[in-house]
file protein01.pdb (PDB, C-alpha atoms, pLDDT in the B column)
ATOM      1  CA  MET W   1      10.556  -8.112 -17.284  1.00 38.00           C
ATOM      2  CA  GLY W   2       7.221  -8.746 -19.027  1.00 39.00           C
ATOM      3  CA  HIS W   3       6.788  -5.174 -20.223  1.00 40.00           C
ATOM      4  CA  ALA W   4       8.922  -2.270 -21.363  1.00 37.00           C
ATOM      5  CA  LEU W   5      10.339  -0.354 -18.452  1.00 36.00           C
ATOM      6  CA  LEU W   6      11.185   2.700 -20.495  1.00 36.00           C
ATOM      7  CA  THR W   7       9.193   4.619 -23.027  1.00 36.00           C
ATOM      8  CA  THR W   8      10.054   7.247 -25.590  1.00 34.00           C
ATOM      9  CA  GLU W   9       6.771   9.135 -25.200  1.00 38.00           C
ATOM     10  CA  PRO W  10       7.665  12.637 -23.972  1.00 38.00           C
ATOM     11  CA  ALA W  11       6.272  13.733 -20.619  1.00 43.00           C
ATOM     12  CA  ASN W  12       6.766  16.777 -18.368  1.00 48.00           C
ATOM     13  CA  GLY W  13       8.265  18.702 -21.274  1.00 44.00           C
ATOM     14  CA  GLU W  14      11.235  16.423 -21.940  1.00 42.00           C
ATOM     15  CA  ALA W  15      12.767  16.597 -25.348  1.00 40.00           C
ATOM     16  CA  LYS W  16      11.060  14.211 -27.718  1.00 49.00           C
ATOM     17  CA  GLY W  17      12.877  10.919 -28.074  1.00 48.00           C
ATOM     18  CA  ARG W  18      14.427  10.942 -24.609  1.00 50.00           C
ATOM     19  CA  ALA W  19      13.734   7.713 -22.753  1.00 76.00           C
ATOM     20  CA  VAL W  20      11.775   8.259 -19.535  1.00 88.00           C
ATOM     21  CA  ILE W  21      10.431   6.074 -16.769  1.00 95.00           C
ATOM     22  CA  ARG W  22       6.673   6.510 -16.599  1.00 95.00           C
ATOM     23  CA  VAL W  23       5.583   6.864 -12.972  1.00 96.00           C
ATOM     24  CA  LEU W  24       2.095   6.966 -11.497  1.00 95.00           C
ATOM     25  CA  LEU W  25       2.123   8.555  -8.042  1.00 96.00           C
ATOM     26  CA  VAL W  26      -0.874   7.508  -5.923  1.00 94.00           C
ATOM     27  CA  HIS W  27      -1.615   9.539  -2.793  1.00 94.00           C
ATOM     28  CA  ASP W  28      -4.887  10.608  -1.175  1.00 92.00           C
ATOM     29  CA  GLU W  29      -3.650  13.920   0.254  1.00 92.00           C
ATOM     30  CA  CYS W  30      -3.956  16.406  -2.588  1.00 93.00           C
ATOM     31  CA  LEU W  31      -1.390  18.913  -1.326  1.00 94.00           C
ATOM     32  CA  VAL W  32       1.231  16.280  -0.553  1.00 92.00           C
ATOM     33  CA  ARG W  33       0.599  14.509  -3.860  1.00 94.00           C
ATOM     34  CA  SER W  34       0.871  17.707  -5.893  1.00 95.00           C
ATOM     35  CA  VAL W  35       4.060  18.898  -4.227  1.00 94.00           C
ATOM     36  CA  LEU W  36       5.674  15.478  -4.462  1.00 94.00           C
ATOM     37  CA  ALA W  37       4.703  15.066  -8.117  1.00 95.00           C
ATOM     38  CA  GLU W  38       6.146  18.470  -9.018  1.00 95.00           C
ATOM     39  CA  TRP W  39       9.347  17.636  -7.156  1.00 94.00           C
ATOM     40  CA  LEU W  40       9.684  14.342  -9.062  1.00 95.00           C
ATOM     41  CA  ARG W  41       9.076  16.094 -12.382  1.00 95.00           C
ATOM     42  CA  ARG W  42      12.356  17.921 -11.951  1.00 95.00           C
ATOM     43  CA  GLU W  43      14.099  14.651 -12.782  1.00 95.00           C
ATOM     44  CA  PRO W  44      14.585  14.541 -16.575  1.00 94.00           C
ATOM     45  CA  ASP W  45      14.267  10.749 -16.754  1.00 95.00           C
ATOM     46  CA  LEU W  46      10.910  10.583 -14.953  1.00 96.00           C
ATOM     47  CA  GLY W  47       7.532  11.080 -16.627  1.00 96.00           C
ATOM     48  CA  VAL W  48       5.247  11.645 -13.655  1.00 96.00           C
ATOM     49  CA  PHE W  49       1.460  11.351 -13.431  1.00 96.00           C
ATOM     50  CA  ASP W  50      -0.564  11.419 -10.224  1.00 95.00           C
ATOM     51  CA  ALA W  51      -3.936  10.354  -8.845  1.00 94.00           C
ATOM     52  CA  PRO W  52      -5.765   9.754  -5.557  1.00 93.00           C
ATOM     53  CA  TRP W  53      -6.573   6.163  -4.655  1.00 91.00           C
ATOM     54  CA  HIS W  54     -10.200   6.228  -5.827  1.00 88.00           C
ATOM     55  CA  SER W  55      -9.242   7.129  -9.399  1.00 89.00           C
ATOM     56  CA  ALA W  56      -5.918   5.262  -9.512  1.00 89.00           C
ATOM     57  CA  PRO W  57      -7.180   2.166 -11.405  1.00 87.00           C
ATOM     58  CA  GLY W  58      -8.551   4.230 -14.291  1.00 88.00           C
ATOM     59  CA  ARG W  59      -5.463   6.425 -14.331  1.00 90.00           C
ATOM     60  CA  LEU W  60      -3.228   3.371 -14.380  1.00 89.00           C
ATOM     61  CA  ARG W  61      -5.037   1.951 -17.412  1.00 87.00           C
ATOM     62  CA  SER W  62      -4.713   5.203 -19.344  1.00 88.00           C
ATOM     63  CA  VAL W  63      -1.127   6.003 -18.355  1.00 89.00           C
ATOM     64  CA  ALA W  64       0.318   2.440 -18.467  1.00 89.00           C
ATOM     65  CA  PRO W  65       3.194   3.369 -16.117  1.00 92.00           C
ATOM     66  CA  ASP W  66       6.401   1.453 -15.642  1.00 93.00           C
ATOM     67  CA  VAL W  67       6.347   2.147 -11.899  1.00 95.00           C
ATOM     68  CA  CYS W  68       3.421   2.773  -9.575  1.00 94.00           C
ATOM     69  CA  ALA W  69       4.574   4.673  -6.467  1.00 95.00           C
ATOM     70  CA  ALA W  70       1.706   4.341  -3.989  1.00 93.00           C
ATOM     71  CA  ASP W  71       1.227   5.711  -0.491  1.00 93.00           C
ATOM     72  CA  LEU W  72       0.220   2.973   1.955  1.00 89.00           C
ATOM     73  CA  GLU W  73      -2.448   5.155   3.530  1.00 84.00           C
ATOM     74  CA  CYS W  74      -5.863   5.217   1.907  1.00 79.00           C
ATOM     75  CA  ALA W  75      -8.893   7.337   2.795  1.00 70.00           C
ATOM     76  CA  ASP W  76     -11.308   4.432   2.236  1.00 65.00           C
ATOM     77  CA  THR W  77     -11.747   0.960   3.764  1.00 54.00           C
ATOM     78  CA  TYR W  78     -10.258   1.860   7.154  1.00 53.00           C
ATOM     79  CA  GLY W  79      -7.064   3.134   5.549  1.00 57.00           C
ATOM     80  CA  LEU W  80      -6.206  -0.111   3.783  1.00 61.00           C
ATOM     81  CA  PRO W  81      -4.994   0.489   0.225  1.00 73.00           C
ATOM     82  CA  PRO W  82      -6.372  -1.834  -2.495  1.00 77.00           C
ATOM     83  CA  LEU W  83      -2.898  -2.822  -3.672  1.00 79.00           C
ATOM     84  CA  ARG W  84      -3.896  -6.092  -5.315  1.00 72.00           C
ATOM     85  CA  GLU W  85      -6.739  -4.442  -7.192  1.00 74.00           C
ATOM     86  CA  LEU W  86      -4.422  -1.698  -8.376  1.00 74.00           C
ATOM     87  CA  CYS W  87      -1.821  -4.133  -9.664  1.00 67.00           C
ATOM     88  CA  ALA W  88      -4.451  -6.227 -11.450  1.00 68.00           C
ATOM     89  CA  CYS W  89      -6.357  -3.461 -13.210  1.00 64.00           C
ATOM     90  CA  ARG W  90      -4.673  -3.911 -16.615  1.00 63.00           C
ATOM     91  CA  PRO W  91      -6.179  -7.172 -17.910  1.00 63.00           C
ATOM     92  CA  GLY W  92      -3.918  -8.976 -20.333  1.00 65.00           C
ATOM     93  CA  ALA W  93      -0.951  -6.716 -19.595  1.00 69.00           C
ATOM     94  CA  ALA W  94       1.902  -7.048 -17.142  1.00 75.00           C
ATOM     95  CA  PRO W  95       1.316  -4.875 -14.050  1.00 82.00           C
ATOM     96  CA  PRO W  96       3.639  -1.972 -13.283  1.00 89.00           C
ATOM     97  CA  HIS W  97       6.415  -2.498 -10.799  1.00 92.00           C
ATOM     98  CA  LEU W  98       5.087  -1.443  -7.395  1.00 93.00           C
ATOM     99  CA  LEU W  99       6.882   0.876  -4.968  1.00 95.00           C
ATOM    100  CA  VAL W 100       5.195   1.896  -1.725  1.00 94.00           C
ATOM    101  CA  LEU W 101       5.583   4.895   0.558  1.00 94.00           C
ATOM    102  CA  ALA W 102       5.527   3.298   3.986  1.00 91.00           C
ATOM    103  CA  SER W 103       5.941   3.879   7.694  1.00 88.00           C
ATOM    104  CA  ALA W 104       7.626   1.495  10.134  1.00 86.00           C
ATOM    105  CA  ASN W 105       4.904   2.049  12.745  1.00 84.00           C
ATOM    106  CA  ARG W 106       2.205   0.401  10.602  1.00 84.00           C
ATOM    107  CA  PRO W 107       3.662  -3.084  10.079  1.00 84.00           C
ATOM    108  CA  GLY W 108       0.351  -4.512   8.889  1.00 82.00           C
ATOM    109  CA  LEU W 109       0.460  -2.305   5.814  1.00 85.00           C
ATOM    110  CA  LEU W 110       4.032  -3.387   5.105  1.00 87.00           C
ATOM    111  CA  LYS W 111       2.880  -7.005   5.239  1.00 85.00           C
ATOM    112  CA  ARG W 112       0.071  -6.268   2.782  1.00 84.00           C
ATOM    113  CA  ALA W 113       2.532  -4.597   0.420  1.00 88.00           C
ATOM    114  CA  VAL W 114       4.793  -7.650   0.534  1.00 87.00           C
ATOM    115  CA  GLU W 115       1.797  -9.912  -0.208  1.00 83.00           C
ATOM    116  CA  ALA W 116       0.880  -7.657  -3.141  1.00 84.00           C
ATOM    117  CA  GLY W 117       4.348  -8.111  -4.640  1.00 88.00           C
ATOM    118  CA  ALA W 118       5.833  -4.655  -4.031  1.00 91.00           C
ATOM    119  CA  LEU W 119       9.475  -4.327  -5.072  1.00 93.00           C
ATOM    120  CA  GLY W 120      10.226  -0.966  -3.477  1.00 94.00           C
ATOM    121  CA  TYR W 121       9.687   0.307   0.083  1.00 95.00           C
ATOM    122  CA  VAL W 122      10.458   3.971   0.782  1.00 95.00           C
ATOM    123  CA  ASP W 123      10.192   5.420   4.297  1.00 94.00           C
ATOM    124  CA  LYS W 124       7.854   8.418   4.267  1.00 91.00           C
ATOM    125  CA  GLU W 125       9.989  10.007   6.976  1.00 89.00           C
ATOM    126  CA  GLY W 126      13.209   9.587   4.992  1.00 87.00           C
ATOM    127  CA  ALA W 127      15.046  11.807   2.532  1.00 87.00           C
ATOM    128  CA  PRO W 128      13.134  12.538  -0.704  1.00 86.00           C
ATOM    129  CA  GLU W 129      16.148  11.440  -2.727  1.00 91.00           C
ATOM    130  CA  HIS W 130      15.389   7.895  -1.573  1.00 93.00           C
ATOM    131  CA  LEU W 131      12.140   7.986  -3.535  1.00 95.00           C
ATOM    132  CA  VAL W 132      13.911   8.888  -6.772  1.00 95.00           C
ATOM    133  CA  ARG W 133      16.535   6.219  -6.173  1.00 95.00           C
ATOM    134  CA  GLY W 134      13.830   3.689  -5.371  1.00 96.00           C
ATOM    135  CA  ILE W 135      11.826   4.483  -8.503  1.00 96.00           C
ATOM    136  CA  ARG W 136      14.856   4.044 -10.740  1.00 96.00           C
ATOM    137  CA  ARG W 137      15.846   0.785  -9.100  1.00 95.00           C
ATOM    138  CA  VAL W 138      12.330  -0.665  -9.169  1.00 96.00           C
ATOM    139  CA  ALA W 139      11.986   0.337 -12.830  1.00 95.00           C
ATOM    140  CA  GLU W 140      14.886  -2.043 -13.491  1.00 93.00           C
ATOM    141  CA  GLY W 141      13.014  -4.833 -11.735  1.00 93.00           C
ATOM    142  CA  LYS W 142      15.270  -4.668  -8.670  1.00 95.00           C
ATOM    143  CA  ARG W 143      14.301  -4.489  -5.010  1.00 95.00           C
ATOM    144  CA  PHE W 144      14.716  -1.304  -2.973  1.00 95.00           C
ATOM    145  CA  VAL W 145      14.127  -1.138   0.791  1.00 93.00           C
ATOM    146  CA  ASP W 146      14.877   1.776   3.105  1.00 92.00           C
ATOM    147  CA  ASP W 147      16.996   0.554   6.024  1.00 89.00           C
ATOM    148  CA  SER W 148      14.808   2.540   8.428  1.00 90.00           C
ATOM    149  CA  LEU W 149      11.854   0.243   7.690  1.00 90.00           C
ATOM    150  CA  GLY W 150      13.663  -2.797   9.077  1.00 86.00           C
ATOM    151  CA  PHE W 151      11.921  -2.707  12.463  1.00 81.00           C
ATOM    152  CA  GLY W 152       8.555  -2.441  10.731  1.00 83.00           C
ATOM    153  CA  PHE W 153       9.277  -5.582   8.726  1.00 80.00           C
ATOM    154  CA  LEU W 154      10.267  -7.418  11.915  1.00 76.00           C
ATOM    155  CA  LYS W 155       6.948  -6.459  13.506  1.00 77.00           C
ATOM    156  CA  ALA W 156       5.102  -7.436  10.336  1.00 75.00           C
ATOM    157  CA  ALA W 157       6.515 -10.937  10.614  1.00 72.00           C
ATOM    158  CA  GLU W 158       5.068 -11.175  14.134  1.00 74.00           C
ATOM    159  CA  MET W 159       1.478 -10.304  13.163  1.00 78.00           C
ATOM    160  CA  PRO W 160      -0.592 -12.147  15.810  1.00 83.00           C
ATOM    161  CA  LEU W 161      -3.915 -12.636  14.042  1.00 84.00           C
ATOM    162  CA  THR W 162      -4.812 -15.400  11.601  1.00 85.00           C
ATOM    163  CA  ARG W 163      -6.597 -14.661   8.332  1.00 82.00           C
ATOM    164  CA  ARG W 164      -9.846 -16.006   9.770  1.00 89.00           C
ATOM    165  CA  GLU W 165      -9.507 -13.803  12.833  1.00 88.00           C
ATOM    166  CA  LEU W 166      -8.879 -10.810  10.585  1.00 85.00           C
ATOM    167  CA  SER W 167     -12.009 -11.661   8.606  1.00 87.00           C
ATOM    168  CA  VAL W 168     -14.061 -11.749  11.802  1.00 91.00           C
ATOM    169  CA  LEU W 169     -12.552  -8.516  13.081  1.00 88.00           C
ATOM    170  CA  SER W 170     -13.028  -6.752   9.723  1.00 85.00           C
ATOM    171  CA  LEU W 171     -16.752  -7.476   9.827  1.00 90.00           C
ATOM    172  CA  ALA W 172     -16.898  -6.387  13.456  1.00 91.00           C
ATOM    173  CA  ALA W 173     -15.199  -3.122  12.499  1.00 87.00           C
ATOM    174  CA  GLU W 174     -17.971  -2.535   9.959  1.00 87.00           C
ATOM    175  CA  GLY W 175     -20.506  -2.799  12.769  1.00 90.00           C
ATOM    176  CA  ALA W 176     -21.664  -6.362  12.147  1.00 91.00           C
ATOM    177  CA  SER W 177     -23.185  -8.251  15.072  1.00 92.00           C
ATOM    178  CA  VAL W 178     -22.109 -11.732  16.169  1.00 92.00           C
ATOM    179  CA  ALA W 179     -25.094 -13.179  14.306  1.00 93.00           C
ATOM    180  CA  GLU W 180     -24.250 -11.229  11.140  1.00 92.00           C
ATOM    181  CA  ILE W 181     -20.588 -12.267  11.280  1.00 91.00           C
ATOM    182  CA  ALA W 182     -21.607 -15.882  11.792  1.00 92.00           C
ATOM    183  CA  GLY W 183     -23.967 -15.767   8.823  1.00 92.00           C
ATOM    184  CA  SER W 184     -21.446 -14.058   6.558  1.00 90.00           C
ATOM    185  CA  LEU W 185     -18.605 -16.472   7.352  1.00 91.00           C
ATOM    186  CA  HIS W 186     -20.779 -19.585   7.803  1.00 92.00           C
ATOM    187  CA  LEU W 187     -19.764 -20.031  11.424  1.00 91.00           C
ATOM    188  CA  SER W 188     -21.690 -20.748  14.606  1.00 93.00           C
ATOM    189  CA  HIS W 189     -22.340 -17.917  17.059  1.00 93.00           C
ATOM    190  CA  GLY W 190     -20.133 -19.663  19.611  1.00 92.00           C
ATOM    191  CA  THR W 191     -17.247 -19.918  17.157  1.00 93.00           C
ATOM    192  CA  VAL W 192     -17.473 -16.206  16.402  1.00 93.00           C
ATOM    193  CA  ARG W 193     -17.386 -15.423  20.118  1.00 92.00           C
ATOM    194  CA  ASN W 194     -14.357 -17.684  20.526  1.00 93.00           C
ATOM    195  CA  TYR W 195     -12.608 -15.855  17.678  1.00 92.00           C
ATOM    196  CA  MET W 196     -13.383 -12.483  19.249  1.00 92.00           C
ATOM    197  CA  ALA W 197     -12.027 -13.680  22.606  1.00 92.00           C
ATOM    198  CA  ALA W 198      -8.823 -14.880  20.913  1.00 92.00           C
ATOM    199  CA  ILE W 199      -8.478 -11.590  19.013  1.00 90.00           C
ATOM    200  CA  THR W 200      -8.905  -9.576  22.214  1.00 92.00           C
ATOM    201  CA  ARG W 201      -6.282 -11.702  23.998  1.00 90.00           C
ATOM    202  CA  LYS W 202      -3.756 -11.649  21.142  1.00 87.00           C
ATOM    203  CA  THR W 203      -3.951  -7.886  20.625  1.00 86.00           C
ATOM    204  CA  GLY W 204      -3.812  -7.137  24.350  1.00 87.00           C
ATOM    205  CA  ALA W 205      -7.104  -5.293  24.048  1.00 87.00           C
ATOM    206  CA  ARG W 206      -9.695  -4.656  26.761  1.00 90.00           C
ATOM    207  CA  ASN W 207     -12.668  -5.423  24.534  1.00 90.00           C
ATOM    208  CA  ARG W 208     -13.823  -5.706  20.921  1.00 89.00           C
ATOM    209  CA  ILE W 209     -13.739  -1.957  20.285  1.00 90.00           C
ATOM    210  CA  ASP W 210     -10.230  -1.711  21.673  1.00 90.00           C
ATOM    211  CA  ALA W 211      -9.120  -4.679  19.520  1.00 88.00           C
ATOM    212  CA  ILE W 212     -10.443  -2.897  16.421  1.00 88.00           C
ATOM    213  CA  ARG W 213      -8.646   0.316  17.393  1.00 87.00           C
ATOM    214  CA  ILE W 214      -5.338  -1.461  18.005  1.00 86.00           C
ATOM    215  CA  SER W 215      -5.552  -3.484  14.794  1.00 83.00           C
ATOM    216  CA  GLN W 216      -6.378  -0.444  12.690  1.00 81.00           C
ATOM    217  CA  GLY W 217      -3.519   1.491  14.253  1.00 78.00           C
ATOM    218  CA  GLU W 218      -1.051  -1.280  13.439  1.00 79.00           C
ATOM    219  CA  GLY W 219      -2.354  -1.554   9.885  1.00 75.00           C
ATOM    220  CA  TRP W 220      -3.575  -5.135  10.342  1.00 78.00           C
ATOM    221  CA  LEU W 221      -7.133  -4.086   9.647  1.00 74.00           C
TER     222      LEU W 221
END
call {"tool": "encode", "arguments": {"input": "protein01.pdb", "output": "structure tokens"}}
result
Amino acid sequence: MGHALLTTEPANGEAKGRAVIRVLLVHDECLVRSVLAEWLRREPDLGVFDAPWHSAPGRLRSVAPDVCAADLECADTYGLPPLRELCACRPGAAPPHLLVLASANRPGLLKRAVEAGALGYVDKEGAPEHLVRGIRRVAEGKRFVDDSLGFGFLKAAEMPLTRRELSVLSLAAEGASVAEIAGSLHLSHGTVRNYMAAITRKTGARNRIDAIRISQGEGWL
């Protein structure tokens, strides 16, 4: 697997010498994260640590978890979680197996999780026992996907915007003008306008602002 899935370091008060799966729970909502972490700590084979997204990279380096269970909502960067950065923040060491807490109505985030190499996909609206089952399965290097996320994956496969269009729209969402987008991406002003027209048409939006709103809601942006 590239790194040890289990460790004998005691956590959460387990008896010394008992093998546990080290889990880093990443969630930006403090109350939800705390309650969920305490619930997971009831499982004797799980050593659970937790962190919000902004401190997750440092926490991951210090904890060296076997599984990173990360919520696909993030308070920064328009709600897009830095999954690739998280998985790559242990230079020279194999990354933890990634499990995400997802929702079927944000297919763009599911697509990003797939691109980041996530093994586990747990529906946030599902039974909490699914999370425990998913963590254990992912710790073994096996895939786990909640059946209820199937429709979200189908929508993710139908994402209408190209990478270049997403780049243009991302800059637009940050408030960049046509001239600024053109300069940043080394495009002509006319090309940027053509991209924005295509984005508006593909998303079924009324205008640029509406296209940004729709794309953010779907998790594309």
call {"tool": "closest_residue", "arguments": {"input": "protein01.pdb", "among": "W:Leu101, W:Leu86, W:Ala70, W:Ala19", "to": "Ala127 (chain W)", "atoms": "only C-alpha atoms"}}
result
W:Leu101
call {"tool": "resolve_selection", "arguments": {"input": "protein01.pdb", "expression": "the PyMOL selection byres ((chain W and resi 83) around 8)", "output": "list in words"}}
result
Pro81, Pro82, Arg84, Glu85, Leu86, Cys87, Arg112, Ala113 and Ala116 of chain W
call {"tool": "closest_residue", "arguments": {"input": "protein01.pdb", "among": "W:Glu165, W:Val26, W:Gly190, W:Arg137", "to": "Gly58 (chain W)", "atoms": "only C-alpha atoms"}}
result
W:Val26
call {"tool": "resolve_selection", "arguments": {"input": "protein01.pdb", "expression": "the PyMOL selection byres ((chain W and resi 160) around 9)", "output": "number ranges by chain"}}
result
W: 157-159, 161-162, 199, 202-203
call {"tool": "atom_distance", "arguments": {"input": "protein01.pdb", "atom1": "CA of Leu221 (chain W)", "atom2": "CA of Ser167 (chain W)"}}
result
9.1 Å
call {"tool": "closest_residue", "arguments": {"input": "protein01.pdb", "among": "W:Ala198, W:Leu40, W:Ala118, W:Ala64", "to": "His130 (chain W)", "atoms": "only C-alpha atoms"}}
result
W:Leu40
call {"tool": "atom_distance", "arguments": {"input": "protein01.pdb", "atom1": "CA of His186 (chain W)", "atom2": "CA of Leu171 (chain W)"}}
result
12.9 Å
call {"tool": "atom_distance", "arguments": {"input": "protein01.pdb", "atom1": "CA of Val192 (chain W)", "atom2": "CA of Val178 (chain W)"}}
result
6.4 Å
call {"tool": "residues_near_point", "arguments": {"input": "protein01.pdb", "point": "(6.2, -7.8, -5.2)", "cutoff": "9 Å", "atoms": "all atoms listed in the file", "output": "list in words"}}
result
His97, Leu98, Leu99, Ala113, Val114, Glu115, Ala116, Gly117, Ala118, Leu119, Gly120 and Arg143 of chain W
call {"tool": "resolve_selection", "arguments": {"input": "protein01.pdb", "expression": "the PyMOL selection byres ((chain W and resi 182) around 12)", "output": "list in words"}}
result
Arg164, Ser167, Val168, Leu169, Leu171, Ala172, Ala176, Ser177, Val178, Ala179, Glu180, Ile181, Gly183, Ser184, Leu185, His186, Leu187, Ser188, His189, Gly190, Thr191, Val192, Arg193, Asn194, Tyr195 and Met196 of chain W
call {"tool": "closest_residue", "arguments": {"input": "protein01.pdb", "among": "W:Leu60, W:Asp71, W:Asp45, W:Ser170", "to": "Arg33 (chain W)", "atoms": "only C-alpha atoms"}}
result
W:Asp71
